[in-house]
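Q: Next comes the structure file run35.cif, holding mmCIF, C-alpha atoms.
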```cif
data_work
#
loop_
_atom_site.label_atom_id
_atom_site.label_comp_id
_atom_site.auth_asym_id
_atom_site.auth_seq_id
_atom_site.Cartn_x
_atom_site.Cartn_y
_atom_site.Cartn_z
CA MET A 1 26.80 1.04 -0.35
CA ASN A 2 26.02 -2.57 -1.23
CA TRP A 3 22.30 -2.23 -1.95
CA ALA A 4 21.72 -5.96 -2.42
CA GLU A 5 23.21 -6.67 1.00
CA ALA A 6 21.15 -3.85 2.52
CA ARG A 7 17.97 -5.39 1.09
CA LYS A 8 18.90 -8.78 2.48
CA LEU A 9 19.49 -7.32 5.95
CA MET A 10 16.20 -5.40 5.79
CA VAL A 11 14.32 -8.63 5.15
CA GLN A 12 16.25 -10.57 7.80
CA GLN A 13 16.31 -7.95 10.55
CA GLN A 14 13.14 -5.90 10.03
CA ILE A 15 10.53 -7.68 7.94
CA SER A 16 10.81 -11.36 8.88
CA PRO A 17 10.87 -10.67 12.66
CA TYR A 18 7.63 -8.67 12.24
CA GLN A 19 5.66 -11.85 11.48
CA VAL A 20 6.00 -11.56 7.71
CA THR A 21 6.43 -15.15 6.51
CA SER A 22 5.05 -15.21 2.95
CA PRO A 23 7.86 -16.56 0.70
CA GLY A 24 6.58 -14.66 -2.34
CA LEU A 25 6.39 -11.37 -0.46
CA LEU A 26 9.81 -11.77 1.13
CA ASP A 27 11.20 -12.50 -2.34
CA ALA A 28 9.55 -9.32 -3.64
CA PHE A 29 11.24 -7.27 -0.92
CA ASN A 30 14.56 -8.82 -1.92
CA ARG A 31 14.02 -8.14 -5.62
CA ILE A 32 12.65 -4.58 -5.67
CA PRO A 33 15.39 -1.94 -5.15
CA ARG A 34 13.84 0.35 -2.55
CA GLU A 35 16.60 2.91 -2.99
CA ARG A 36 15.21 3.68 -6.45
CA PHE A 37 11.99 4.98 -4.86
CA VAL A 38 13.60 7.17 -2.19
CA ALA A 39 14.38 10.88 -2.59
CA ALA A 40 18.10 11.55 -3.05
CA PRO A 41 18.68 13.26 0.35
CA TYR A 42 17.37 10.15 2.14
CA GLN A 43 18.71 7.44 -0.15
CA HIS A 44 21.29 6.34 2.41
CA LEU A 45 18.34 5.55 4.71
CA ALA A 46 16.47 3.53 2.09
CA TYR A 47 16.66 0.34 4.14
CA SER A 48 16.08 1.87 7.56
CA GLU A 49 12.91 1.55 9.64
CA ALA A 50 12.10 5.25 9.33
CA GLU A 51 9.12 6.92 7.62
CA LEU A 52 11.09 8.59 4.83
CA PRO A 53 9.75 11.86 3.36
CA ILE A 54 8.87 11.68 -0.34
CA GLY A 55 7.54 15.23 -0.78
CA GLN A 56 4.00 16.62 -0.85
CA ASN A 57 3.84 16.04 2.94
CA GLN A 58 3.86 12.28 2.38
CA VAL A 59 6.17 9.52 3.63
CA MET A 60 7.08 5.96 2.71
CA ILE A 61 5.61 3.28 4.96
CA PRO A 62 8.33 1.55 7.02
CA PRO A 63 9.21 -1.79 5.37
CA ALA A 64 8.11 -4.07 8.21
CA LEU A 65 4.67 -2.48 8.52
CA LEU A 66 4.25 -2.49 4.75
CA GLY A 67 5.07 -6.20 4.76
CA ARG A 68 2.39 -6.92 7.36
CA LEU A 69 -0.19 -4.92 5.43
CA ILE A 70 0.49 -6.61 2.10
CA GLN A 71 0.69 -10.08 3.63
CA ALA A 72 -2.79 -9.66 5.16
CA LEU A 73 -4.27 -9.22 1.68
CA GLU A 74 -3.32 -12.78 0.67
CA VAL A 75 -2.64 -11.63 -2.90
CA SER A 76 -3.05 -14.26 -5.62
CA PRO A 77 -1.27 -14.26 -9.01
CA ARG A 78 -4.73 -13.94 -10.61
CA ASP A 79 -5.66 -10.82 -8.65
CA ARG A 80 -6.16 -7.21 -9.62
CA ALA A 81 -4.84 -4.98 -6.83
CA LEU A 82 -5.62 -1.35 -6.07
CA VAL A 83 -3.15 0.90 -4.24
CA ILE A 84 -4.52 4.07 -2.68
CA GLY A 85 -1.68 6.54 -2.19
CA ALA A 86 0.86 5.37 -4.75
CA GLY A 87 3.58 7.71 -3.49
CA THR A 88 6.76 7.06 -5.45
CA GLY A 89 5.57 3.61 -6.53
CA TYR A 90 7.35 1.25 -4.12
CA SER A 91 4.32 -0.59 -2.75
CA SER A 92 2.95 -0.94 -6.29
CA ALA A 93 6.27 -2.41 -7.43
CA LEU A 94 6.08 -5.04 -4.69
CA LEU A 95 2.49 -5.90 -5.61
CA SER A 96 3.45 -6.14 -9.28
CA LEU A 97 5.35 -9.32 -8.42
CA LEU A 98 2.40 -10.80 -6.53
CA ALA A 99 -0.71 -9.82 -8.52
CA LYS A 100 -1.72 -10.06 -12.16
CA ASP A 101 -2.06 -6.30 -12.46
CA VAL A 102 -2.11 -3.25 -10.23
CA ILE A 103 -3.92 0.09 -10.36
CA ALA A 104 -2.19 2.74 -8.27
CA VAL A 105 -3.95 6.02 -7.48
CA GLU A 106 -2.08 9.10 -6.23
CA LEU A 107 -3.61 12.48 -5.37
CA SER A 108 -0.38 14.41 -6.02
CA SER A 109 0.39 14.88 -9.70
CA PRO A 110 4.17 15.25 -9.11
CA LEU A 111 4.27 12.03 -7.08
CA ALA A 112 2.14 10.18 -9.64
CA SER A 113 4.57 11.23 -12.39
CA LEU A 114 7.53 10.15 -10.27
CA ALA A 115 5.90 6.78 -9.59
CA ARG A 116 5.42 6.22 -13.33
CA GLU A 117 9.07 7.08 -13.97
CA ASN A 118 10.33 4.80 -11.21
CA LEU A 119 8.22 1.84 -12.35
CA ALA A 120 9.17 2.36 -15.99
CA SER A 121 12.87 2.47 -15.08
CA LEU A 122 12.49 -1.07 -13.67
CA GLN A 123 10.47 -2.19 -16.70
CA ILE A 124 7.43 -2.95 -14.57
CA GLU A 125 4.57 -3.08 -17.04
CA ASN A 126 1.61 -4.43 -15.06
CA VAL A 127 1.05 -1.27 -12.97
CA GLN A 128 -1.12 1.65 -14.08
CA VAL A 129 -0.61 4.87 -12.12
CA LYS A 130 -3.63 7.19 -12.08
CA THR A 131 -3.86 10.71 -10.67
CA GLY A 132 -6.83 11.34 -8.39
CA ASP A 133 -8.30 10.99 -4.91
CA GLY A 134 -8.46 7.22 -4.57
CA VAL A 135 -10.46 7.19 -1.34
CA TYR A 136 -13.54 8.06 -3.37
CA GLY A 137 -13.21 5.02 -5.58
CA GLY A 138 -10.62 6.08 -8.09
CA PRO A 139 -9.60 9.01 -10.27
CA TYR A 140 -12.81 9.12 -12.27
CA GLY A 141 -14.88 11.63 -10.34
CA GLY A 142 -15.96 9.06 -7.78
CA ALA A 143 -16.97 6.42 -10.31
CA LYS A 144 -16.36 2.84 -9.22
CA LEU A 145 -13.38 1.01 -10.62
CA GLY A 146 -14.89 -2.42 -9.93
CA GLY A 147 -13.29 -5.82 -10.26
CA ILE A 148 -10.74 -5.32 -7.48
CA ASP A 149 -9.48 -8.24 -5.42
CA ASP A 150 -7.04 -6.48 -3.09
CA ILE A 151 -6.94 -2.89 -1.81
CA LEU A 152 -3.91 -1.49 -0.02
CA VAL A 153 -4.35 1.95 1.58
CA CYS A 154 -0.89 3.49 1.97
CA GLY A 155 -1.64 5.97 4.73
CA SER A 156 -3.98 6.28 7.67
CA LEU A 157 -7.56 7.55 7.36
CA PRO A 158 -10.00 8.68 10.06
CA TYR A 159 -12.48 6.07 8.83
CA LEU A 160 -13.07 3.68 5.93
CA PRO A 161 -15.19 5.25 3.16
CA ALA A 162 -17.97 2.93 1.99
CA VAL A 163 -17.28 3.84 -1.64
CA LEU A 164 -13.78 2.42 -1.29
CA ARG A 165 -14.76 -0.96 0.09
CA ASN A 166 -17.44 -1.19 -2.61
CA GLN A 167 -14.64 -1.63 -5.15
CA LEU A 168 -13.97 -5.14 -3.89
CA ASN A 169 -15.02 -8.31 -5.62
CA ILE A 170 -16.82 -10.81 -3.40
CA GLY A 171 -14.10 -12.52 -1.37
CA GLY A 172 -11.71 -9.59 -1.88
CA HIS A 173 -9.68 -7.99 0.91
CA LEU A 174 -8.93 -4.40 1.94
CA ILE A 175 -6.27 -3.42 4.47
CA ILE A 176 -6.28 0.00 6.12
CA VAL A 177 -4.89 1.86 9.14
CA VAL A 178 -7.77 3.72 10.78
CA GLY A 179 -8.02 6.35 13.50
CA GLN A 180 -6.06 9.20 15.03
CA GLY A 181 -2.57 9.04 16.54
CA PRO A 182 -0.68 8.07 18.55
CA VAL A 183 -2.30 4.62 18.36
CA MET A 184 -4.37 3.45 15.38
CA GLN A 185 -6.04 0.21 14.34
CA VAL A 186 -4.97 -1.95 11.41
CA GLU A 187 -8.21 -3.32 9.97
CA LEU A 188 -8.73 -6.09 7.43
CA HIS A 189 -12.04 -5.97 5.57
CA GLN A 190 -13.39 -8.74 3.35
CA ARG A 191 -16.41 -8.57 1.08
CA GLN A 192 -18.74 -11.47 1.86
CA SER A 193 -21.55 -10.68 -0.59
CA LYS A 194 -22.99 -7.78 -2.56
CA THR A 195 -24.23 -6.20 0.68
CA GLU A 196 -22.07 -7.70 3.44
CA TRP A 197 -18.51 -7.20 4.65
CA SER A 198 -16.53 -8.58 7.55
CA ALA A 199 -14.01 -6.53 9.52
CA LEU A 200 -11.17 -7.71 11.73
CA THR A 201 -8.76 -5.60 13.77
CA LEU A 202 -5.34 -7.20 13.32
CA PHE A 203 -3.11 -5.10 15.56
CA GLU A 204 -2.37 -1.57 16.72
CA SER A 205 0.07 0.64 14.86
CA ALA A 206 0.54 4.21 13.70
CA LEU A 207 0.92 5.59 10.20
CA ALA A 208 1.14 9.07 8.71
CA PRO A 209 -2.18 10.34 7.31
CA LEU A 210 -2.98 9.83 3.66
CA SER A 211 -3.59 12.97 1.61
CA HIS A 212 -7.29 13.02 0.83
CA ASN A 213 -10.42 15.17 0.68
CA LEU A 214 -12.54 13.21 3.17
CA LYS A 215 -14.86 14.99 5.55
CA ALA A 216 -13.97 14.05 9.10
CA THR A 217 -17.63 13.92 10.15
CA SER A 218 -18.57 11.01 7.88
CA PHE A 219 -18.51 7.39 9.03
CA THR A 220 -18.93 3.89 7.63
CA PHE A 221 -21.23 1.47 9.42
#
```
If you convert what's in this file into structure tokens, what do you get?

A:
Amino acid sequence: MNWAEARKLMVQQQISPYQVTSPGLLDAFNRIPRERFVAAPYQHLAYSEAELPIGQNQVMIPPALLGRLIQALEVSPRDRALVIGAGTGYSSALLSLLAKDVIAVELSSPLASLARENLASLQIENVQVKTGDGVYGGPYGGAKLGGIDDILVCGSLPYLPAVLRNQLNIGGHLIIVVGQGPVMQVELHQRQSKTEWSALTLFESALAPLSHNLKATSFTF
């Protein structure tokens, strides 16, 4: 298979038609070899629109939806980005070309190790992969990471934990898919001040749940 041609077609036929227009992001999709982050049995589907299994009951976000999510963050080259649900490292690899540095948190130790290997194989050096439950603010027993400009949650959650949005710098953005299937809400949150956030529902979608230890009875107001 001609992987370079497959990447080009993915961008032209899936990502661009889904209202993804950022030149830097489209370039990132063209530069990062998605097939390197896909499990061998599904590698021939690396540039399809499917949610591809990556093990540990997790899947890769379809490229077009991932593009919309990342674009909404308006990532700057000066930014520090946080990825919740690193998976095999693909979304972190994309962000590595857009942000100054990236912290990627993955609950599954095998997936975190695989993400490190995949990123290292591409000589991506501005991504740190941590093992832990990122929805509680990072892999440090719930301690705040702080200093985050962009947060990408790579899986749906029943609600947005307050501890997660607290990681944002003032002016920072968080993108998340919230709710229960079959239809969920894509929400963009921005920190306005130390105590205030804005929230905007961008569109409806559906995404496989993120592995986490949240209690379904808790809510953010």

Q: Applying 8 Å and all atoms listed in the file, which residues near stretch 37-40 of chain A remain after dropping the ones on its own chain fewer than 4 positions away? List them as a ChimeraX atom specification.

A: /A:33,46,52-54,88-90,115,118

Q: Any chance you could work out the residue set of the PyMOL selection byres ((chain A and resi 188-200) around 6) here, as a list of chain:residue names?

A: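 After applying the PyMOL selection byres ((chain A and resi 188-200) around 6), what remains is A:Ile170, A:Gly171, A:Gly172, A:His173, A:Leu174, A:Ile175, A:Glu187, A:Thr201.
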
Q: Take the residues that were just selected and, keeping C-alpha atoms, output them as a CSV table (one decimal), in the frame of the given file.

A:
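Below is the file part02.csv, written as the result:
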```csv
chain,number,residue,atom,x,y,z
A,170,ILE,CA,-16.8,-10.8,-3.4
A,171,GLY,CA,-14.1,-12.5,-1.4
A,172,GLY,CA,-11.7,-9.6,-1.9
A,173,HIS,CA,-9.7,-8.0,0.9
A,174,LEU,CA,-8.9,-4.4,1.9
A,175,ILE,CA,-6.3,-3.4,4.5
A,187,GLU,CA,-8.2,-3.3,10.0
A,201,THR,CA,-8.8,-5.6,13.8
```

Q: For A:His212, list every protein, DNA or RNA residue within 12 Å, evaluated using only C-alpha atoms, and leave out those in the same chain fewer than 2 positions away; present the list as a PyMOL selection string.

A: chain A and resi 56-58+84-85+105-108+132-138+153-159+161+209-210+214-216

Q: Listed atoms of stretch 122-130 of chain A, axis-aligned box, 8 Å per side: centre and edge lengths to one decimal in Å, as AutoDock Vina command-line options?

A:
```
--center_x 4.4 --center_y 1.4 --center_z -14.6 --size_x 32.1 --size_y 27.6 --size_z 21.0
```

Q: Report the residues retrieved by the PyMOL selection byres ((chain A and resi 66-69) around 9) from the displayed file, expressed as a PyMOL selection string.

A: chain A and resi 15-16+18-20+25-26+29+61-65+70-73+91+152-154+175-176+186+188

Q: Within 7 Å of A:Tyr47, counting all atoms listed in the file, which residues qualify if same-chain residues fewer than 6 places away don't, as a compact mmCIF listing (two decimals) with C-alpha atoms, in the coordinates of the input?

A:
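Produced file out.txt, reproduced below:
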```txt
# COMPACT_ATOMS: atom_id res chain seq x y z
CA ALA A 6 21.15 -3.85 2.52
CA ARG A 7 17.97 -5.39 1.09
CA MET A 10 16.20 -5.40 5.79
```

Q: Residues within 9 Å of A:Ile32, please, as a short mmCIF file (atom, residue, chain, number, x, y, z; two decimals) with C-alpha atoms, in the coordinates of the input. Count all atoms listed in the file; anything in the same chain fewer than 2 positions from it doesn't count.

A:
```
data_model
loop_
_atom_site.label_atom_id
_atom_site.label_comp_id
_atom_site.auth_asym_id
_atom_site.auth_seq_id
_atom_site.Cartn_x
_atom_site.Cartn_y
_atom_site.Cartn_z
CA ARG A 7 17.97 -5.39 1.09
CA ASP A 27 11.20 -12.50 -2.34
CA ALA A 28 9.55 -9.32 -3.64
CA PHE A 29 11.24 -7.27 -0.92
CA ASN A 30 14.56 -8.82 -1.92
CA ARG A 34 13.84 0.35 -2.55
CA GLU A 35 16.60 2.91 -2.99
CA ARG A 36 15.21 3.68 -6.45
CA TYR A 90 7.35 1.25 -4.12
CA ALA A 93 6.27 -2.41 -7.43
CA LEU A 94 6.08 -5.04 -4.69
CA LEU A 122 12.49 -1.07 -13.67
#
```

Q: I'd like to see the residues matched by the PyMOL selection byres ((chain A and resi 183) around 9) on this file, and ideally I'd get them as a list of chain:residue names.

A: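 Matching residues under the PyMOL selection byres ((chain A and resi 183) around 9) are A:Gly179, A:Gln180, A:Gly181, A:Pro182, A:Met184, A:Gln185, A:Glu204, A:Ser205, A:Ala206, A:Leu207.
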
Q: From the list A:Glu117, A:Glu49, A:Leu95, A:Val178, which residue is nearest A:Ala208 when using all atoms listed in the file?

A: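 Smallest separation from A:Ala208 among the options: A:Val178.
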
Q: Since the input has fewer atoms than a full residue there, write stretch 81-107 of chain A out with N, CA, C and O atoms, as an mmCIF file, in the coordinates of the input.

A:
```
data_model
loop_
_atom_site.group_PDB
_atom_site.id
_atom_site.type_symbol
_atom_site.label_atom_id
_atom_site.label_comp_id
_atom_site.auth_asym_id
_atom_site.auth_seq_id
_atom_site.Cartn_x
_atom_site.Cartn_y
_atom_site.Cartn_z
ATOM 1 N N ALA A 81 -5.034 -5.724 -8.078
ATOM 2 C CA ALA A 81 -4.840 -4.980 -6.830
ATOM 3 C C ALA A 81 -4.998 -3.488 -7.068
ATOM 4 O O ALA A 81 -4.698 -2.986 -8.154
ATOM 5 N N LEU A 82 -5.459 -2.807 -6.045
ATOM 6 C CA LEU A 82 -5.620 -1.350 -6.070
ATOM 7 C C LEU A 82 -4.825 -0.751 -4.928
ATOM 8 O O LEU A 82 -4.991 -1.146 -3.773
ATOM 9 N N VAL A 83 -3.942 0.190 -5.246
ATOM 10 C CA VAL A 83 -3.150 0.900 -4.240
ATOM 11 C C VAL A 83 -3.687 2.318 -4.129
ATOM 12 O O VAL A 83 -3.758 3.041 -5.124
ATOM 13 N N ILE A 84 -4.062 2.708 -2.930
ATOM 14 C CA ILE A 84 -4.520 4.070 -2.680
ATOM 15 C C ILE A 84 -3.390 4.831 -2.001
ATOM 16 O O ILE A 84 -2.993 4.512 -0.880
ATOM 17 N N GLY A 85 -2.859 5.821 -2.684
ATOM 18 C CA GLY A 85 -1.680 6.540 -2.190
ATOM 19 C C GLY A 85 -0.431 5.924 -2.759
ATOM 20 O O GLY A 85 0.389 5.329 -2.046
ATOM 21 N N ALA A 86 -0.250 6.043 -4.071
ATOM 22 C CA ALA A 86 0.860 5.370 -4.750
ATOM 23 C C ALA A 86 2.221 5.886 -4.308
ATOM 24 O O ALA A 86 3.218 5.154 -4.373
ATOM 25 N N GLY A 87 2.289 7.154 -3.879
ATOM 26 C CA GLY A 87 3.580 7.710 -3.490
ATOM 27 C C GLY A 87 4.556 7.660 -4.646
ATOM 28 O O GLY A 87 4.229 8.030 -5.781
ATOM 29 N N THR A 88 5.742 7.170 -4.392
ATOM 30 C CA THR A 88 6.760 7.060 -5.450
ATOM 31 C C THR A 88 6.714 5.729 -6.173
ATOM 32 O O THR A 88 7.537 5.474 -7.047
ATOM 33 N N GLY A 89 5.783 4.851 -5.786
ATOM 34 C CA GLY A 89 5.570 3.610 -6.530
ATOM 35 C C GLY A 89 6.110 2.353 -5.898
ATOM 36 O O GLY A 89 5.956 1.266 -6.472
ATOM 37 N N TYR A 90 6.707 2.430 -4.703
ATOM 38 C CA TYR A 90 7.350 1.250 -4.120
ATOM 39 C C TYR A 90 6.372 0.138 -3.789
ATOM 40 O O TYR A 90 6.591 -1.024 -4.159
ATOM 41 N N SER A 91 5.289 0.459 -3.108
ATOM 42 C CA SER A 91 4.320 -0.590 -2.750
ATOM 43 C C SER A 91 3.706 -1.215 -3.994
ATOM 44 O O SER A 91 3.457 -2.427 -4.032
ATOM 45 N N SER A 92 3.491 -0.417 -5.022
ATOM 46 C CA SER A 92 2.950 -0.940 -6.290
ATOM 47 C C SER A 92 3.945 -1.874 -6.955
ATOM 48 O O SER A 92 3.559 -2.884 -7.550
ATOM 49 N N ALA A 93 5.233 -1.540 -6.854
ATOM 50 C CA ALA A 93 6.270 -2.410 -7.430
ATOM 51 C C ALA A 93 6.278 -3.768 -6.741
ATOM 52 O O ALA A 93 6.395 -4.812 -7.394
ATOM 53 N N LEU A 94 6.151 -3.776 -5.418
ATOM 54 C CA LEU A 94 6.080 -5.040 -4.690
ATOM 55 C C LEU A 94 4.874 -5.860 -5.143
ATOM 56 O O LEU A 94 4.977 -7.056 -5.420
ATOM 57 N N LEU A 95 3.720 -5.198 -5.216
ATOM 58 C CA LEU A 95 2.490 -5.900 -5.610
ATOM 59 C C LEU A 95 2.555 -6.384 -7.054
ATOM 60 O O LEU A 95 1.904 -7.373 -7.403
ATOM 61 N N SER A 96 3.348 -5.722 -7.880
ATOM 62 C CA SER A 96 3.450 -6.140 -9.280
ATOM 63 C C SER A 96 4.011 -7.545 -9.412
ATOM 64 O O SER A 96 3.781 -8.223 -10.417
ATOM 65 N N LEU A 97 4.771 -7.985 -8.408
ATOM 66 C CA LEU A 97 5.350 -9.320 -8.420
ATOM 67 C C LEU A 97 4.416 -10.363 -7.807
ATOM 68 O O LEU A 97 4.698 -11.561 -7.883
ATOM 69 N N LEU A 98 3.322 -9.899 -7.212
ATOM 70 C CA LEU A 98 2.400 -10.800 -6.530
ATOM 71 C C LEU A 98 1.063 -10.931 -7.234
ATOM 72 O O LEU A 98 0.425 -12.001 -7.180
ATOM 73 N N ALA A 99 0.607 -9.867 -7.890
ATOM 74 C CA ALA A 99 -0.710 -9.820 -8.520
ATOM 75 C C ALA A 99 -0.581 -9.843 -10.042
ATOM 76 O O ALA A 99 0.499 -9.610 -10.594
ATOM 77 N N LYS A 100 -1.704 -10.085 -10.696
ATOM 78 C CA LYS A 100 -1.720 -10.060 -12.160
ATOM 79 C C LYS A 100 -1.511 -8.644 -12.671
ATOM 80 O O LYS A 100 -0.725 -8.402 -13.595
ATOM 81 N N ASP A 101 -2.258 -7.703 -12.096
ATOM 82 C CA ASP A 101 -2.060 -6.300 -12.460
ATOM 83 C C ASP A 101 -2.447 -5.418 -11.290
ATOM 84 O O ASP A 101 -3.156 -5.837 -10.374
ATOM 85 N N VAL A 102 -1.961 -4.182 -11.332
ATOM 86 C CA VAL A 102 -2.110 -3.250 -10.230
ATOM 87 C C VAL A 102 -2.560 -1.896 -10.771
ATOM 88 O O VAL A 102 -2.026 -1.415 -11.777
ATOM 89 N N ILE A 103 -3.537 -1.299 -10.107
ATOM 90 C CA ILE A 103 -3.920 0.090 -10.360
ATOM 91 C C ILE A 103 -3.489 0.899 -9.149
ATOM 92 O O ILE A 103 -3.860 0.573 -8.016
ATOM 93 N N ALA A 104 -2.689 1.912 -9.355
ATOM 94 C CA ALA A 104 -2.190 2.740 -8.270
ATOM 95 C C ALA A 104 -2.704 4.165 -8.447
ATOM 96 O O ALA A 104 -2.537 4.750 -9.516
ATOM 97 N N VAL A 105 -3.346 4.692 -7.413
ATOM 98 C CA VAL A 105 -3.950 6.020 -7.480
ATOM 99 C C VAL A 105 -3.219 6.962 -6.527
ATOM 100 O O VAL A 105 -2.998 6.622 -5.363
ATOM 101 N N GLU A 106 -2.837 8.126 -7.029
ATOM 102 C CA GLU A 106 -2.080 9.100 -6.230
ATOM 103 C C GLU A 106 -2.687 10.483 -6.428
ATOM 104 O O GLU A 106 -2.870 10.934 -7.562
ATOM 105 N N LEU A 107 -2.992 11.156 -5.320
ATOM 106 C CA LEU A 107 -3.610 12.480 -5.370
ATOM 107 C C LEU A 107 -2.652 13.539 -5.921
ATOM 108 O O LEU A 107 -3.064 14.448 -6.643
#
```
